[in-house]
Each structure stands twice: as structure tokens, then as C-alpha cells.
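**Student:** Dropping a structure here in C-alpha cells format, bear with me for questions.
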Amino acid sequence: MTGTAAADLPGRPIRVGLDVGGTKIDAVAVDPAGEILGRLRRATGWGEDAVVDSIVSTVVALADETGGPLSAVGSVGVGIPGLVDADAGRVVHAVNLGVESLDLADRAERALGVPFRVENDVKAAALGAAVLSGVSGSMAYLNLGTGVAAGIVVDGRIWRGSRGTAGEVGHISVDPHGRLCGCGQRGCVETFCGGGALAKAWGRPGALPVRDIFDAADAGDPLALALRDDLFFGAAAAVRVLVLSADVETVVIGGGLTAMGSRLDEGIRAALHAGAEASPFARSLRLDERIELLPAGSPAAALGAALVGASISEKEIVPHG
């Protein structure tokens, strides 16, 4: 892996970022000023060879989409689920992609002749969220999707912690008698506000189970009301943990559940406010004033990946000034 940034390649001004998910790739092309030049979505392949092929073909298609030659692409950043060795450009245990161990950066670089960098998808999204939200200083990004994960950005850099798990709140148990989590614990944050756990607890057919839960709760369905309250409780718990453990100034919330828009935003704020009523200390934190919801469909993850790809070091990822 070369680690070369776009700025080091004369005549190659375009930075490409790919958010690789279990079913689709969200890709953006970004100019050196951070403006998005183009965006497209394509299907993700299954298995190591197919993942590489789909990433390579997406970069080529995005270059076509923006009307420029592939030679104008100076760097590609990839945000991908799983355990990522960012220095080596390797991803392991990306089970939703059928990947056990993949030297992604090396293989993609050899296919395209463009430098690649690889990062965990939520950490990449945290960078993109920091830029889109205009947050300086410290920020946590809370991803509410099928699962729950978080990343922390401090002064424009990803804060990983000693073993790379800083900010990972999804598997903090907040109710030892709660529902069994896939990690083996009970009552993890993810069992309350993860889309997959909610859909399982709902147990009714439907393409958009969380939306169905919200709609049924509005109609007074007892199970839906309980699950909606669980969602708000779990998300509020995650915000509380992120602020109390890392003292971040802002928690930006993204992920698929943001499709619920103001219904989600208002519910989390209300849960935070209710949780602080009996505690002067908790009230002093003003947690309900420290959250921000990204718009549904935000390109935060792909934009963050583009910033990762363009960087020589994390110190240069998020522009300031």
C-alpha cells in the first residue's frame, strides 16, 4: 500500500470515497476543496474476489459519472465493515460481505494503479459527519442502523483508543436482565436501538420494520409503543455513555434509522430530558442539546472515506480554518 495522497499526484485532483455495505456501495467523487462532484450507488459483491471487483468497477463508473478520466482519480478511500488494519489496508471478519481476510488496498491498487486506503466504515463515517456538521473540537458519531456502532473524532483525527475500540457503545450492557444480544451479553445498547434487534422483537412481516413500529405506535399498538420506547431509551443511553466517557461536545446521529427523521430526533431528546429530571448533574450536561441528526441518505460515510483516502496521516484528514 502506497499511502500516497491525491495532493502528491499532479493532475489527479479527484478523491473517491466508497462506503461498502452488505448490499450496496455508496460512492462519491470529491474535489480538493471537499465539494462532492458526483455520487452513485452500486451493488456489493459477495466474497473476497467479488468485493474487490465491485469496488474497482464502482471507481471506474464514478469516474465516468463525473465526466473525467480514471487518470484524474488521485486516491480512493474505502470504508468497510469488519476489523480493519488501516496501515496494511487489510480487512478481516467482514461477515456480511463473505470476507475472512482480504488485502483490499493492495489488490485494488494493482487493478487500478491508484493509491487506496481502507478504514472501518463507522470510523470513516465519523470523519464525514464531522465535516458535514461543521464540528470542530470533539465529536462522536453514533450510527443507528441494523446494528449500533460509534466513532470519535478529536481535532480532525479519529480517536481509536489503545486497541481501536474507542467509542464502540453498541455492546455496553445497560440492562443485565434484558434481551439476549448476538455478542452473548444481555441488554446491550444494540438490543434496544439496533434495527435488527427491533425487527426481531417486532416479529411481523414488512420491508421497513422500524417504520412499521413507529406507525403502529402512533396508532396505539402496545408492543410497538414498548419497542419505540426501547429505541429511544437505547439511543439515549448511547449518547449518555459517549458524553460521560469521552466528554465530546456533540453527538451526531446517522445511519438507516435517521429515515425516521423528526420522530427519532424528538424521541431521543425527550428520553434524554426525562432521564435527567431527577439528577442535577445529568441536567447540567444538557445532553438533549448536544445531539444532532444527519439527514436521511447523508453521504457522510462515503465522504469520510474520501477524506481517509486523500490523507497521508490522520492529522490531515479533516480540514480546518
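In the C-alpha cells, chains take the letters A, B, ... in the order shown, each chain's residues start at 1, and ligands count up from 1 in the order shown.
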Among region 62-173 of chain A, which residues carry a DSSP assignment of strand (DSSP E), reported as an MDAnalysis selection string?

**Tutor:** chainID A and resid 73:80 83:85 90:94 99:102 116:120 138:144 148:154 157:159

**Student:** If we count only C-alpha atoms and set the cut-off at 10 Å, which residues sit around region 280-297 of chain A, ignoring sequence neighbours fewer than 3 positions away in its own chain? Please answer as a PyMOL selection string.

**Tutor:** chain A and resi 26+129+132-133+139-142+236+239-240+243-244+247-262+264-266+268-277+300

**Student:** Restricted to C-alpha atoms, what would the selected residues look like written as a PDB file, in the first residue's frame?

**Tutor:**
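Contents of the output file selection.pdb:
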ATOM      1  CA  ASP A  26     -22.308   4.350  -1.862  1.00  0.00           C
ATOM      2  CA  ALA A 129     -20.081  13.602   9.770  1.00  0.00           C
ATOM      3  CA  LEU A 132     -20.842  17.873   7.120  1.00  0.00           C
ATOM      4  CA  SER A 133     -21.838  19.090  10.572  1.00  0.00           C
ATOM      5  CA  MET A 139     -17.409  14.806  18.318  1.00  0.00           C
ATOM      6  CA  ALA A 140     -18.875  11.324  18.453  1.00  0.00           C
ATOM      7  CA  TYR A 141     -20.735   9.777  15.552  1.00  0.00           C
ATOM      8  CA  LEU A 142     -23.471   7.352  16.588  1.00  0.00           C
ATOM      9  CA  ALA A 236     -30.243   7.994  24.827  1.00  0.00           C
ATOM     10  CA  VAL A 239     -25.425   9.319  23.882  1.00  0.00           C
ATOM     11  CA  ARG A 240     -25.004   9.407  27.657  1.00  0.00           C
ATOM     12  CA  VAL A 243     -20.557  12.103  26.539  1.00  0.00           C
ATOM     13  CA  LEU A 244     -19.698  10.828  30.004  1.00  0.00           C
ATOM     14  CA  ASP A 247     -16.757  14.277  27.110  1.00  0.00           C
ATOM     15  CA  VAL A 248     -17.407  15.002  23.435  1.00  0.00           C
ATOM     16  CA  GLU A 249     -19.104  18.290  22.735  1.00  0.00           C
ATOM     17  CA  THR A 250     -21.521  16.898  20.144  1.00  0.00           C
ATOM     18  CA  VAL A 251     -23.008  13.525  19.255  1.00  0.00           C
ATOM     19  CA  VAL A 252     -24.011  13.364  15.594  1.00  0.00           C
ATOM     20  CA  ILE A 253     -26.508  10.592  14.859  1.00  0.00           C
ATOM     21  CA  GLY A 254     -26.609   8.886  11.482  1.00  0.00           C
ATOM     22  CA  GLY A 255     -27.427   5.526   9.943  1.00  0.00           C
ATOM     23  CA  GLY A 256     -30.521   3.986   8.422  1.00  0.00           C
ATOM     24  CA  LEU A 257     -32.794   4.786  11.356  1.00  0.00           C
ATOM     25  CA  THR A 258     -32.452   8.506  10.601  1.00  0.00           C
ATOM     26  CA  ALA A 259     -35.113   7.851   7.966  1.00  0.00           C
ATOM     27  CA  MET A 260     -37.497   8.335  10.896  1.00  0.00           C
ATOM     28  CA  GLY A 261     -36.470  11.990  10.889  1.00  0.00           C
ATOM     29  CA  SER A 262     -38.043  14.256  13.479  1.00  0.00           C
ATOM     30  CA  LEU A 264     -36.497   9.835  16.028  1.00  0.00           C
ATOM     31  CA  ASP A 265     -34.870  13.141  16.921  1.00  0.00           C
ATOM     32  CA  GLU A 266     -37.670  14.287  19.205  1.00  0.00           C
ATOM     33  CA  ILE A 268     -34.244  10.697  21.740  1.00  0.00           C
ATOM     34  CA  ARG A 269     -34.254  14.266  23.047  1.00  0.00           C
ATOM     35  CA  ALA A 270     -37.294  13.527  25.191  1.00  0.00           C
ATOM     36  CA  ALA A 271     -35.645  10.391  26.601  1.00  0.00           C
ATOM     37  CA  LEU A 272     -32.501  12.337  27.461  1.00  0.00           C
ATOM     38  CA  HIS A 273     -34.534  15.087  29.092  1.00  0.00           C
ATOM     39  CA  ALA A 274     -36.618  12.584  31.091  1.00  0.00           C
ATOM     40  CA  GLY A 275     -33.504  10.754  32.251  1.00  0.00           C
ATOM     41  CA  ALA A 276     -32.064  13.982  33.620  1.00  0.00           C
ATOM     42  CA  GLU A 277     -35.129  15.151  35.545  1.00  0.00           C
ATOM     43  CA  ALA A 300     -21.202  11.086   5.496  1.00  0.00           C
TER      44      ALA A 300
END

**Student:** Give me, as JSON lines, the closest atom pair and its distance (Å, one decimal) for every residue of region 23-110 of chain A within a cut-off of 12 Å of region 155-161 of chain A, counting only C-alpha atoms, rows sorted by chain and rising number.

**Tutor:**
{"residue": "A:Val84", "atom": "CA", "partner": "A:Arg160", "partner_atom": "CA", "distance": 11.8}
{"residue": "A:Asp85", "atom": "CA", "partner": "A:Arg160", "partner_atom": "CA", "distance": 11.9}
{"residue": "A:Ala86", "atom": "CA", "partner": "A:Arg160", "partner_atom": "CA", "distance": 11.4}

**Student:** Could you pull the residues within 9 Å of Leu227 (chain A), counting only C-alpha atoms, minus those fewer than 6 positions along the same chain, as a list in words?

**Tutor:**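 The neighbour list is Phe192, Cys193, Leu198, Ala201, Trp202, Ile213, Phe214 and Ala217 of chain A.
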
**Student:** Let me see the file: selected residues, all heavy atoms, as a compact mmCIF listing (two decimals), in the first residue's frame.

**Tutor:**
# COMPACT_ATOMS: atom_id res chain seq x y z
N PHE A 192 -31.62 -2.66 22.23
CA PHE A 192 -32.68 -1.67 22.40
C PHE A 192 -32.90 -0.83 21.13
O PHE A 192 -34.05 -0.54 20.79
CB PHE A 192 -32.35 -0.72 23.56
CG PHE A 192 -32.53 -1.34 24.91
CD1 PHE A 192 -31.48 -1.98 25.56
CD2 PHE A 192 -33.77 -1.29 25.54
CE1 PHE A 192 -31.66 -2.54 26.81
CE2 PHE A 192 -33.95 -1.86 26.79
CZ PHE A 192 -32.90 -2.50 27.43
N CYS A 193 -31.81 -0.43 20.47
CA CYS A 193 -31.97 0.54 19.37
C CYS A 193 -31.33 0.10 18.07
O CYS A 193 -31.23 0.91 17.14
CB CYS A 193 -31.47 1.91 19.79
SG CYS A 193 -29.74 1.97 20.33
N LEU A 198 -34.66 -4.77 16.85
CA LEU A 198 -36.04 -4.29 16.90
C LEU A 198 -36.93 -5.10 15.96
O LEU A 198 -38.06 -5.46 16.30
CB LEU A 198 -36.09 -2.80 16.55
CG LEU A 198 -35.55 -1.85 17.62
CD1 LEU A 198 -35.35 -0.46 17.04
CD2 LEU A 198 -36.50 -1.78 18.82
N ALA A 201 -37.63 -8.46 17.53
CA ALA A 201 -38.59 -8.35 18.63
C ALA A 201 -40.00 -8.04 18.11
O ALA A 201 -40.99 -8.48 18.69
CB ALA A 201 -38.14 -7.27 19.61
N TRP A 202 -40.09 -7.31 17.03
CA TRP A 202 -41.38 -6.98 16.41
C TRP A 202 -42.02 -8.23 15.81
O TRP A 202 -43.19 -8.51 16.01
CB TRP A 202 -41.16 -5.91 15.37
CG TRP A 202 -42.35 -5.42 14.60
CD1 TRP A 202 -42.49 -5.37 13.24
CD2 TRP A 202 -43.55 -4.79 15.12
NE1 TRP A 202 -43.68 -4.79 12.88
CE2 TRP A 202 -44.36 -4.43 14.03
CE3 TRP A 202 -44.00 -4.53 16.41
CZ2 TRP A 202 -45.60 -3.82 14.17
CZ3 TRP A 202 -45.24 -3.92 16.56
CH2 TRP A 202 -46.04 -3.58 15.46
N ILE A 213 -42.97 -0.13 13.14
CA ILE A 213 -43.08 0.03 14.60
C ILE A 213 -43.53 1.44 14.94
O ILE A 213 -44.44 1.64 15.77
CB ILE A 213 -41.74 -0.31 15.27
CG1 ILE A 213 -41.45 -1.82 15.17
CG2 ILE A 213 -41.74 0.14 16.74
CD1 ILE A 213 -40.05 -2.21 15.58
N PHE A 214 -42.93 2.44 14.33
CA PHE A 214 -43.30 3.83 14.61
C PHE A 214 -44.76 4.08 14.24
O PHE A 214 -45.51 4.71 15.01
CB PHE A 214 -42.38 4.78 13.85
CG PHE A 214 -41.14 5.18 14.59
CD1 PHE A 214 -40.14 4.25 14.85
CD2 PHE A 214 -40.96 6.48 15.03
CE1 PHE A 214 -38.99 4.61 15.54
CE2 PHE A 214 -39.81 6.85 15.71
CZ PHE A 214 -38.82 5.91 15.97
N ALA A 217 -47.02 2.33 16.66
CA ALA A 217 -47.00 3.02 17.95
C ALA A 217 -47.90 4.26 17.90
O ALA A 217 -48.63 4.55 18.86
CB ALA A 217 -45.58 3.40 18.33

**Student:** Compare A:Gly194, A:Pro115, A:Gly98, A:Pro13 by their minimum atom-to-atom distance to Asp49 (chain A), counting only C-alpha atoms, and give me the closest one.

**Tutor:** A:Gly98

**Student:** Rounded to one decimal place, report the CA of Leu62 (chain A)-CA of Ala50 (chain A) distance in Å.

**Tutor:** 17.9 Å

**Student:** Considering only C-alpha atoms, return as a PDB file with N, CA and C atoms, in the first residue's frame whatever protein or nucleic-acid residues lie within 7 Å of Asp19 (chain A), sequence-local ones (same chain, fewer than 5 positions apart) excluded.

**Tutor:**
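Contents of out_22.pdb, freshly written:
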ATOM      1  N   ILE A  25     -22.809  -0.304  -2.449  1.00  0.00           N
ATOM      2  CA  ILE A  25     -21.693   0.621  -2.286  1.00  0.00           C
ATOM      3  C   ILE A  25     -22.210   2.021  -2.586  1.00  0.00           C
ATOM      4  N   ASP A  26     -21.996   2.937  -1.651  1.00  0.00           N
ATOM      5  CA  ASP A  26     -22.308   4.350  -1.862  1.00  0.00           C
ATOM      6  C   ASP A  26     -20.983   5.035  -2.152  1.00  0.00           C
ATOM      7  N   ALA A  27     -20.869   5.679  -3.307  1.00  0.00           N
ATOM      8  CA  ALA A  27     -19.592   6.236  -3.732  1.00  0.00           C
ATOM      9  C   ALA A  27     -19.723   7.715  -4.067  1.00  0.00           C
ATOM     10  N   VAL A  78     -11.764   3.633   1.227  1.00  0.00           N
ATOM     11  CA  VAL A  78     -12.830   2.645   1.353  1.00  0.00           C
ATOM     12  C   VAL A  78     -13.197   2.508   2.827  1.00  0.00           C
ATOM     13  N   GLY A  79     -14.456   2.763   3.138  1.00  0.00           N
ATOM     14  CA  GLY A  79     -14.983   2.465   4.457  1.00  0.00           C
ATOM     15  C   GLY A  79     -15.717   1.139   4.376  1.00  0.00           C
ATOM     16  N   ILE A  80     -15.344   0.189   5.212  1.00  0.00           N
ATOM     17  CA  ILE A  80     -15.869  -1.162   5.080  1.00  0.00           C
ATOM     18  C   ILE A  80     -16.088  -1.769   6.467  1.00  0.00           C
ATOM     19  N   ASP A 121     -15.876   1.276   8.463  1.00  0.00           N
ATOM     20  CA  ASP A 121     -16.908   2.134   7.890  1.00  0.00           C
ATOM     21  C   ASP A 121     -17.434   3.182   8.863  1.00  0.00           C
ATOM     22  N   ALA A 301     -20.632   8.717   5.250  1.00  0.00           N
ATOM     23  CA  ALA A 301     -19.688   7.593   5.239  1.00  0.00           C
ATOM     24  C   ALA A 301     -18.803   7.617   4.007  1.00  0.00           C
ATOM     25  N   ALA A 302     -19.394   7.868   2.837  1.00  0.00           N
ATOM     26  CA  ALA A 302     -18.598   7.907   1.615  1.00  0.00           C
ATOM     27  C   ALA A 302     -17.672   9.117   1.604  1.00  0.00           C
ATOM     28  N   ALA A 305     -14.794   8.414   3.819  1.00  0.00           N
ATOM     29  CA  ALA A 305     -13.856   7.508   3.150  1.00  0.00           C
ATOM     30  C   ALA A 305     -12.978   8.259   2.164  1.00  0.00           C
TER      31      ALA A 305
END

**Student:** Can you list every residue in region 245-293 of chain A that DSSP puts in helix (DSSP H, G or I), as a short mmCIF file (atom, residue, chain, number, x, y, z; two decimals) with all heavy atoms, in the first residue's frame?

**Tutor:**
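After the write, result12.cif holds the following:
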data_model
loop_
_atom_site.label_atom_id
_atom_site.label_comp_id
_atom_site.auth_asym_id
_atom_site.auth_seq_id
_atom_site.Cartn_x
_atom_site.Cartn_y
_atom_site.Cartn_z
N SER A 245 -18.09 9.33 28.94
CA SER A 245 -16.80 8.64 28.87
C SER A 245 -15.75 9.44 28.12
O SER A 245 -14.57 9.41 28.47
CB SER A 245 -16.95 7.26 28.22
OG SER A 245 -17.45 7.37 26.90
N ALA A 246 -16.16 10.15 27.08
CA ALA A 246 -15.18 10.89 26.26
C ALA A 246 -15.36 12.39 26.34
O ALA A 246 -14.53 13.13 25.82
CB ALA A 246 -15.29 10.43 24.80
N GLY A 256 -29.25 4.21 9.08
CA GLY A 256 -30.52 3.99 8.42
C GLY A 256 -31.73 4.44 9.21
O GLY A 256 -32.76 4.83 8.64
N LEU A 257 -31.63 4.42 10.55
CA LEU A 257 -32.79 4.79 11.36
C LEU A 257 -33.09 6.28 11.30
O LEU A 257 -34.17 6.72 11.72
CB LEU A 257 -32.61 4.34 12.81
CG LEU A 257 -33.15 2.94 13.15
CD1 LEU A 257 -32.47 1.88 12.31
CD2 LEU A 257 -32.99 2.63 14.62
N THR A 258 -32.18 7.08 10.75
CA THR A 258 -32.45 8.51 10.60
C THR A 258 -33.55 8.75 9.58
O THR A 258 -34.04 9.89 9.46
CB THR A 258 -31.19 9.29 10.19
OG1 THR A 258 -30.67 8.76 8.96
CG2 THR A 258 -30.12 9.21 11.27
N ALA A 259 -33.96 7.72 8.86
CA ALA A 259 -35.11 7.85 7.97
C ALA A 259 -36.37 8.21 8.75
O ALA A 259 -37.34 8.72 8.18
CB ALA A 259 -35.34 6.56 7.18
N MET A 260 -36.36 7.97 10.06
CA MET A 260 -37.50 8.34 10.90
C MET A 260 -37.53 9.83 11.19
O MET A 260 -38.50 10.34 11.75
CB MET A 260 -37.44 7.57 12.23
CG MET A 260 -37.56 6.06 12.10
SD MET A 260 -39.11 5.53 11.33
CE MET A 260 -38.55 5.21 9.65
N SER A 262 -37.73 13.53 12.25
CA SER A 262 -38.04 14.26 13.48
C SER A 262 -38.64 13.34 14.54
O SER A 262 -38.49 13.61 15.75
CB SER A 262 -39.01 15.40 13.18
OG SER A 262 -40.22 14.92 12.64
N ARG A 263 -39.30 12.26 14.13
CA ARG A 263 -39.87 11.34 15.13
C ARG A 263 -38.76 10.70 15.95
O ARG A 263 -38.92 10.50 17.17
CB ARG A 263 -40.72 10.27 14.45
CG ARG A 263 -42.00 10.83 13.82
CD ARG A 263 -42.99 9.72 13.51
NE ARG A 263 -42.58 8.92 12.34
CZ ARG A 263 -43.29 7.89 11.89
NH1 ARG A 263 -44.41 7.51 12.50
NH2 ARG A 263 -42.87 7.21 10.83
N LEU A 264 -37.64 10.38 15.31
CA LEU A 264 -36.50 9.83 16.03
C LEU A 264 -35.82 10.92 16.86
O LEU A 264 -35.53 10.72 18.05
CB LEU A 264 -35.50 9.23 15.04
CG LEU A 264 -34.23 8.64 15.64
CD1 LEU A 264 -34.53 7.39 16.46
CD2 LEU A 264 -33.21 8.31 14.55
N ASP A 265 -35.57 12.05 16.26
CA ASP A 265 -34.87 13.14 16.92
C ASP A 265 -35.60 13.58 18.19
O ASP A 265 -35.02 13.68 19.27
CB ASP A 265 -34.74 14.30 15.94
CG ASP A 265 -33.93 15.46 16.50
OD1 ASP A 265 -32.86 15.21 17.07
OD2 ASP A 265 -34.37 16.61 16.38
N GLU A 266 -36.89 13.81 18.06
CA GLU A 266 -37.67 14.29 19.20
C GLU A 266 -37.76 13.23 20.30
O GLU A 266 -37.72 13.55 21.49
CB GLU A 266 -39.06 14.69 18.73
CG GLU A 266 -39.06 15.94 17.85
CD GLU A 266 -40.38 16.15 17.14
OE1 GLU A 266 -41.34 15.39 17.42
OE2 GLU A 266 -40.46 17.08 16.30
N GLY A 267 -37.86 11.95 19.90
CA GLY A 267 -37.95 10.88 20.88
C GLY A 267 -36.67 10.72 21.68
O GLY A 267 -36.72 10.52 22.91
N ILE A 268 -35.52 10.81 21.02
CA ILE A 268 -34.24 10.70 21.74
C ILE A 268 -34.06 11.89 22.67
O ILE A 268 -33.64 11.74 23.83
CB ILE A 268 -33.07 10.59 20.76
CG1 ILE A 268 -33.19 9.31 19.92
CG2 ILE A 268 -31.73 10.58 21.52
CD1 ILE A 268 -32.16 9.20 18.81
N ARG A 269 -34.38 13.08 22.20
CA ARG A 269 -34.25 14.27 23.05
C ARG A 269 -35.15 14.16 24.28
O ARG A 269 -34.75 14.50 25.40
CB ARG A 269 -34.61 15.53 22.25
CG ARG A 269 -33.58 15.89 21.19
CD ARG A 269 -33.96 17.17 20.46
NE ARG A 269 -33.15 17.35 19.28
CZ ARG A 269 -31.93 17.88 19.27
NH1 ARG A 269 -31.39 18.29 20.41
NH2 ARG A 269 -31.25 18.00 18.14
N ALA A 270 -36.37 13.67 24.06
CA ALA A 270 -37.29 13.53 25.19
C ALA A 270 -36.78 12.51 26.19
O ALA A 270 -36.89 12.71 27.41
CB ALA A 270 -38.67 13.12 24.68
N ALA A 271 -36.19 11.41 25.70
CA ALA A 271 -35.65 10.39 26.60
C ALA A 271 -34.47 10.94 27.39
O ALA A 271 -34.32 10.65 28.59
CB ALA A 271 -35.23 9.15 25.80
N LEU A 272 -33.63 11.73 26.76
CA LEU A 272 -32.50 12.34 27.46
C LEU A 272 -33.00 13.32 28.52
O LEU A 272 -32.48 13.37 29.64
CB LEU A 272 -31.59 13.05 26.46
CG LEU A 272 -30.74 12.14 25.56
CD1 LEU A 272 -30.13 12.94 24.42
CD2 LEU A 272 -29.64 11.45 26.36
N HIS A 273 -33.99 14.10 28.15
CA HIS A 273 -34.53 15.09 29.09
C HIS A 273 -35.18 14.38 30.29
O HIS A 273 -34.96 14.76 31.45
CB HIS A 273 -35.56 15.96 28.38
CG HIS A 273 -36.15 17.02 29.25
ND1 HIS A 273 -35.45 18.14 29.64
CD2 HIS A 273 -37.38 17.12 29.83
CE1 HIS A 273 -36.22 18.89 30.42
NE2 HIS A 273 -37.39 18.29 30.55
N ALA A 274 -35.95 13.32 30.01
CA ALA A 274 -36.62 12.58 31.09
C ALA A 274 -35.60 11.93 32.01
O ALA A 274 -35.78 11.90 33.25
CB ALA A 274 -37.55 11.53 30.50
N GLY A 275 -34.52 11.41 31.44
CA GLY A 275 -33.50 10.75 32.25
C GLY A 275 -32.74 11.70 33.15
O GLY A 275 -32.11 11.28 34.12
N ALA A 276 -32.81 12.99 32.83
CA ALA A 276 -32.06 13.98 33.62
C ALA A 276 -32.92 14.67 34.66
O ALA A 276 -32.40 15.44 35.49
CB ALA A 276 -31.47 15.03 32.68
N PRO A 280 -29.55 16.65 39.14
CA PRO A 280 -28.97 17.94 38.80
C PRO A 280 -27.69 17.79 37.97
O PRO A 280 -27.43 18.60 37.07
CB PRO A 280 -28.67 18.56 40.17
CG PRO A 280 -29.63 17.89 41.10
CD PRO A 280 -29.77 16.49 40.58
N PHE A 281 -26.90 16.74 38.27
CA PHE A 281 -25.68 16.51 37.50
C PHE A 281 -26.02 16.24 36.05
O PHE A 281 -25.44 16.83 35.13
CB PHE A 281 -24.90 15.34 38.09
CG PHE A 281 -23.79 14.85 37.20
CD1 PHE A 281 -22.66 15.63 36.98
CD2 PHE A 281 -23.89 13.63 36.54
CE1 PHE A 281 -21.64 15.19 36.13
CE2 PHE A 281 -22.88 13.19 35.70
CZ PHE A 281 -21.76 13.98 35.50
N ALA A 282 -26.97 15.32 35.81
CA ALA A 282 -27.34 14.99 34.45
C ALA A 282 -27.92 16.21 33.73
O ALA A 282 -27.65 16.43 32.55
CB ALA A 282 -28.33 13.83 34.44
N ARG A 283 -28.71 17.00 34.43
CA ARG A 283 -29.26 18.21 33.81
C ARG A 283 -28.16 19.17 33.39
O ARG A 283 -28.25 19.84 32.37
CB ARG A 283 -30.24 18.91 34.77
CG ARG A 283 -31.56 18.17 34.93
CD ARG A 283 -32.63 19.11 35.50
NE ARG A 283 -32.27 19.67 36.80
CZ ARG A 283 -32.47 19.07 37.95
NH1 ARG A 283 -33.02 17.85 37.98
NH2 ARG A 283 -32.14 19.66 39.09
N SER A 284 -27.10 19.21 34.19
CA SER A 284 -26.01 20.14 33.89
C SER A 284 -25.28 19.78 32.59
O SER A 284 -24.65 20.64 31.97
CB SER A 284 -25.00 20.17 35.05
OG SER A 284 -24.22 18.98 35.08
N LEU A 285 -25.38 18.53 32.19
CA LEU A 285 -24.72 18.09 30.95
C LEU A 285 -25.46 18.55 29.70
O LEU A 285 -24.89 18.58 28.61
CB LEU A 285 -24.60 16.56 30.93
CG LEU A 285 -23.75 15.94 32.03
CD1 LEU A 285 -23.86 14.42 31.97
CD2 LEU A 285 -22.30 16.37 31.92
N LEU A 287 -27.61 17.10 27.77
CA LEU A 287 -27.41 16.10 26.73
C LEU A 287 -28.38 16.28 25.56
O LEU A 287 -28.02 16.04 24.41
CB LEU A 287 -27.56 14.69 27.32
CG LEU A 287 -26.52 14.29 28.36
CD1 LEU A 287 -26.85 12.91 28.92
CD2 LEU A 287 -25.13 14.28 27.75
N ASP A 288 -29.61 16.69 25.87
CA ASP A 288 -30.59 16.84 24.80
C ASP A 288 -30.24 17.98 23.85
O ASP A 288 -30.76 18.04 22.73
CB ASP A 288 -31.99 17.07 25.39
CG ASP A 288 -32.06 18.28 26.30
OD1 ASP A 288 -31.16 18.41 27.16
OD2 ASP A 288 -32.98 19.09 26.15
N GLU A 289 -29.33 18.87 24.27
CA GLU A 289 -28.90 19.96 23.41
C GLU A 289 -27.61 19.63 22.66
O GLU A 289 -27.15 20.44 21.85
CB GLU A 289 -28.69 21.23 24.25
CG GLU A 289 -29.94 21.70 24.97
CD GLU A 289 -29.67 22.89 25.87
OE1 GLU A 289 -28.56 23.47 25.78
OE2 GLU A 289 -30.56 23.24 26.67
#

**Student:** What separation in Å, quoted to one decimal, exists between CA of Val169 (chain A) and CA of Val122 (chain A)?

**Tutor:** 12.1 Å

**Student:** Provide the CA of Gly89 (chain A) to CA of Ala105 (chain A) distance in Å, to one decimal place.

**Tutor:**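 Between CA of Gly89 (chain A) and CA of Ala105 (chain A) the gap works out to 4.8 Å.
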
**Student:** Find the residue from A:Ala124, A:Asn96, A:Ala29, A:Arg90 that sits nearest to Asp64 (chain A); use only C-alpha atoms when measuring.

**Tutor:** A:Ala29
